[in-house]
Every structure is written in C-alpha cells, then in structure tokens.
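run.csv, holding CSV, C-alpha atoms:
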```csv
chain,number,residue,atom,x,y,z
X,1,MET,CA,0.0,0.0,0.0
X,2,ALA,CA,3.0,2.3,0.4
X,3,PRO,CA,3.1,3.2,-3.4
X,4,MET,CA,-0.5,4.5,-3.2
X,5,LYS,CA,0.3,7.4,-0.9
X,6,PRO,CA,2.6,9.3,-3.4
X,7,LEU,CA,0.1,8.6,-6.1
X,8,LEU,CA,-2.7,10.1,-4.0
X,9,LEU,CA,-0.6,13.1,-3.1
X,10,ALA,CA,0.2,13.7,-6.7
X,11,PHE,CA,-3.5,13.5,-7.7
X,12,LEU,CA,-4.5,16.0,-5.0
X,13,ALA,CA,-1.7,18.4,-6.1
X,14,VAL,CA,-2.9,18.2,-9.7
X,15,VAL,CA,-6.5,18.8,-8.7
X,16,ALA,CA,-5.5,21.8,-6.5
X,17,LEU,CA,-3.5,23.4,-9.2
X,18,ALA,CA,-6.0,22.7,-12.0
X,19,SER,CA,-8.8,24.4,-10.1
X,20,PRO,CA,-7.5,27.3,-8.0
X,21,ASN,CA,-10.9,28.8,-7.5
X,22,ALA,CA,-12.4,25.5,-6.1
X,23,PHE,CA,-12.0,26.9,-2.6
X,24,ALA,CA,-13.3,30.3,-3.3
X,25,GLN,CA,-16.8,31.3,-2.3
X,26,SER,CA,-19.4,32.9,-4.5
X,27,LYS,CA,-19.3,36.6,-5.2
X,28,ILE,CA,-21.9,38.9,-3.8
X,29,ASP,CA,-24.4,39.5,-6.6
X,30,LEU,CA,-25.7,42.9,-5.5
X,31,GLN,CA,-29.3,43.8,-6.7
X,32,ALA,CA,-30.9,47.2,-6.6
X,33,ALA,CA,-33.4,46.3,-3.9
X,34,ASP,CA,-30.9,44.4,-1.7
X,35,THR,CA,-30.7,44.8,2.0
X,36,ILE,CA,-28.3,43.4,4.6
X,37,ARG,CA,-30.8,40.7,5.2
X,38,SER,CA,-31.3,39.7,1.6
X,39,VAL,CA,-27.6,39.6,0.9
X,40,LEU,CA,-27.0,37.4,4.0
X,41,GLU,CA,-29.9,35.1,3.0
X,42,ARG,CA,-28.0,34.2,-0.2
X,43,GLN,CA,-24.8,33.4,1.9
X,44,VAL,CA,-26.4,30.9,4.3
X,45,GLY,CA,-24.1,27.9,4.7
X,46,LYS,CA,-21.0,29.8,3.7
X,47,PRO,CA,-18.3,31.5,5.7
X,48,VAL,CA,-18.8,35.2,6.1
X,49,GLU,CA,-17.2,38.1,8.0
X,50,LEU,CA,-19.6,40.7,9.4
X,51,ARG,CA,-18.2,44.2,10.0
X,52,LEU,CA,-20.3,45.9,12.7
X,53,LYS,CA,-21.1,49.6,12.9
X,54,SER,CA,-19.1,49.6,16.2
X,55,GLY,CA,-16.0,48.7,14.2
X,56,GLU,CA,-15.8,45.1,15.4
X,57,LYS,CA,-15.5,42.1,13.1
X,58,ILE,CA,-17.1,38.7,13.6
X,59,ALA,CA,-16.6,35.8,11.3
X,60,GLY,CA,-17.9,32.3,11.0
X,61,LYS,CA,-20.3,30.0,9.1
X,62,LEU,CA,-23.6,31.7,8.4
X,63,GLU,CA,-26.1,29.2,9.7
X,64,LYS,CA,-29.4,31.1,9.7
X,65,VAL,CA,-31.0,34.5,9.0
X,66,THR,CA,-34.2,35.8,10.5
X,67,ASP,CA,-36.0,39.1,10.3
X,68,SER,CA,-33.7,40.8,12.7
X,69,MET,CA,-30.8,38.3,13.5
X,70,ALA,CA,-28.1,36.3,11.9
X,71,LEU,CA,-26.7,33.1,13.5
X,72,LEU,CA,-23.0,32.5,13.0
X,73,THR,CA,-21.5,29.1,14.0
X,74,GLN,CA,-17.9,27.8,14.0
X,75,LEU,CA,-16.6,31.3,14.8
X,76,THR,CA,-13.1,32.2,13.6
X,77,ASP,CA,-10.7,31.8,16.5
X,78,ALA,CA,-13.6,30.5,18.7
X,79,ASP,CA,-14.7,27.2,17.1
X,80,PHE,CA,-16.8,26.1,20.1
X,81,TYR,CA,-18.9,29.3,20.1
X,82,ASP,CA,-21.9,30.6,18.2
X,83,ALA,CA,-23.1,34.1,17.9
X,84,ALA,CA,-26.4,35.8,17.2
X,85,VAL,CA,-25.9,39.2,15.5
X,86,ASP,CA,-28.4,42.0,15.3
X,87,LEU,CA,-28.8,42.8,11.6
X,88,GLY,CA,-29.2,46.5,12.5
X,89,SER,CA,-25.7,46.5,13.8
X,90,VAL,CA,-24.1,45.1,10.5
X,91,ALA,CA,-22.4,47.7,8.4
X,92,ALA,CA,-20.8,45.3,5.8
X,93,ILE,CA,-20.7,41.7,4.7
X,94,VAL,CA,-17.3,40.3,3.6
X,95,VAL,CA,-17.1,37.0,1.7
X,96,ARG,CA,-14.2,35.2,0.1
X,97,ALA,CA,-14.8,35.7,-3.7
X,98,ARG,CA,-11.6,34.3,-5.1
X,99,SER,CA,-8.3,32.7,-4.1
X,100,ASN,CA,-4.7,33.6,-5.1
```
Spell out the structure here as structure tokens.
Amino acid sequence: MAPMKPLLLAFLAVVALASPNAFAQSKIDLQAADTIRSVLERQVGKPVELRLKSGEKIAGKLEKVTDSMALLTQLTDADFYDAAVDLGSVAAIVVRARSN
C-alpha cells in the first residue's frame, strides 16, 4: 500500500493546481433592492465576516438569517462558540470571492 500514498498526493496536487478557485466562495451579486438581510440570506451555509457599525468584526459560518438576527457558527478563533448578531448593527458583509 505504500506506493498509493505518493500517487494520492500527486493526484491531490494536480486537482488543487487545476482548479485554484475551487476553494473560493461565490461573489456577492448585488441587486438594486438588496438589504443586509437579503444579501445574507444568499450566503447561508457559507463562511462570512460581518463588519459591525461599532468597528468590530465577527466571522464564521452563516447558519441562519431571521427578520432581525443572523446566526454564526464555527466562529473564527472561537470554534466552540456561536453568535447571534443583530442585523441592524451590521455595516458590511465580507465573503471570500476568489483565491490567489
């Protein structure tokens, strides 16, 4: 089985080089009538960073969006914590749109 490991590593390297955008998230497709809520609803299930009006940043996987709150799980640098964020305090939504 030892010869399979180098073959597997070579295959994974080829796949990674052949599709550099495979790990990128989707771009934000901004529409004229969009709100913070509608943009967030399209990002559910994806990693996002929210920039708050206070200047703070909070990042994690966007799990759910309600009328007034967003639920982030798997917080960056705090994997075991979740956060409920008031949509009224969100100033900007940051998503990874492309990789190097």
Next on the checklist: Let me make sure I understand: among X:Asp34, X:Glu63, X:Asp77, X:Glu49, which one has the smallest atom-to-atom distance to Val95 of chain X if we use only C-alpha atoms?
Outcome noted: X:Glu49
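Atom CA of Leu40 of chain X sits 8.8 Å away from atom CA of Lys64 of chain X.
Compared by their closest atoms to Asp67 of chain X, and using all atoms listed in the file, the residues X:Val44, X:Ala97, X:Ala83, X:Ile36 rank with X:Ile36 nearest.
Polymer residues near (-15.5, 32.9, 15.9): counting all atoms listed in the file with a cut-off of 12 Å, they are X:Pro47, X:Val48, X:Glu49, X:Leu50, X:Lys57, X:Ile58, X:Ala59, X:Gly60, X:Lys61, X:Leu62, X:Leu71, X:Leu72, X:Thr73, X:Gln74, X:Leu75, X:Thr76, X:Asp77, X:Ala78, X:Asp79, X:Phe80, X:Tyr81, X:Asp82, X:Ala83, X:Ala84.
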For the residues in the current selection, export C-alpha atoms as a tab-separated table (two decimals), in the coordinates of the input.
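As written to disk, out27.tsv reads:
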```
chain	number	residue	atom	x	y	z
X	47	PRO	CA	-18.30	31.50	5.70
X	48	VAL	CA	-18.80	35.20	6.10
X	49	GLU	CA	-17.20	38.10	8.00
X	50	LEU	CA	-19.60	40.70	9.40
X	57	LYS	CA	-15.50	42.10	13.10
X	58	ILE	CA	-17.10	38.70	13.60
X	59	ALA	CA	-16.60	35.80	11.30
X	60	GLY	CA	-17.90	32.30	11.00
X	61	LYS	CA	-20.30	30.00	9.10
X	62	LEU	CA	-23.60	31.70	8.40
X	71	LEU	CA	-26.70	33.10	13.50
X	72	LEU	CA	-23.00	32.50	13.00
X	73	THR	CA	-21.50	29.10	14.00
X	74	GLN	CA	-17.90	27.80	14.00
X	75	LEU	CA	-16.60	31.30	14.80
X	76	THR	CA	-13.10	32.20	13.60
X	77	ASP	CA	-10.70	31.80	16.50
X	78	ALA	CA	-13.60	30.50	18.70
X	79	ASP	CA	-14.70	27.20	17.10
X	80	PHE	CA	-16.80	26.10	20.10
X	81	TYR	CA	-18.90	29.30	20.10
X	82	ASP	CA	-21.90	30.60	18.20
X	83	ALA	CA	-23.10	34.10	17.90
X	84	ALA	CA	-26.40	35.80	17.20
```
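Distance annotation: of X:Lys46, X:Ser68, X:Ile93, X:Lys53, the residue with the minimal separation from Leu30 of chain X is X:Ile93; atom set is all atoms listed in the file.
Taking all atoms listed in the file into account, Thr66 of chain X lies nearest to X:Arg37 out of the set X:Arg42, X:Arg37, X:Arg96, X:Lys27.
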Checklist entry - What does the distance from atom CA of Met69 of chain X to atom CA of Gln31 of chain X come to in Å, to one decimal? => result 21.0 Å
Next on the checklist: Please list as an NGL selection string every residue within 10 Å of Ala91 of chain X, counting all atoms listed in the file and excluding residues in the same chain fewer than 3 positions away.
Outcome noted: :X and (36 or 50-56 or 87-88)
Output the selection as a PDB file, in the frame of the given file - C-alpha atoms for each residue.
```pdb
ATOM      1  CA  ILE X  36     -28.300  43.400   4.600  1.00  0.00           C
ATOM      2  CA  LEU X  50     -19.600  40.700   9.400  1.00  0.00           C
ATOM      3  CA  ARG X  51     -18.200  44.200  10.000  1.00  0.00           C
ATOM      4  CA  LEU X  52     -20.300  45.900  12.700  1.00  0.00           C
ATOM      5  CA  LYS X  53     -21.100  49.600  12.900  1.00  0.00           C
ATOM      6  CA  SER X  54     -19.100  49.600  16.200  1.00  0.00           C
ATOM      7  CA  GLY X  55     -16.000  48.700  14.200  1.00  0.00           C
ATOM      8  CA  GLU X  56     -15.800  45.100  15.400  1.00  0.00           C
ATOM      9  CA  LEU X  87     -28.800  42.800  11.600  1.00  0.00           C
ATOM     10  CA  GLY X  88     -29.200  46.500  12.500  1.00  0.00           C
TER      11      GLY X  88
END
```
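Here atom CA of Ala92 of chain X and atom CA of Thr35 of chain X stand 10.6 Å from one another.
Proximity to Gly45 of chain X was assessed for X:Ala33, X:Ala70, X:Val85, X:Val90 counting all atoms listed in the file; the smallest distance is recorded for X:Ala70.
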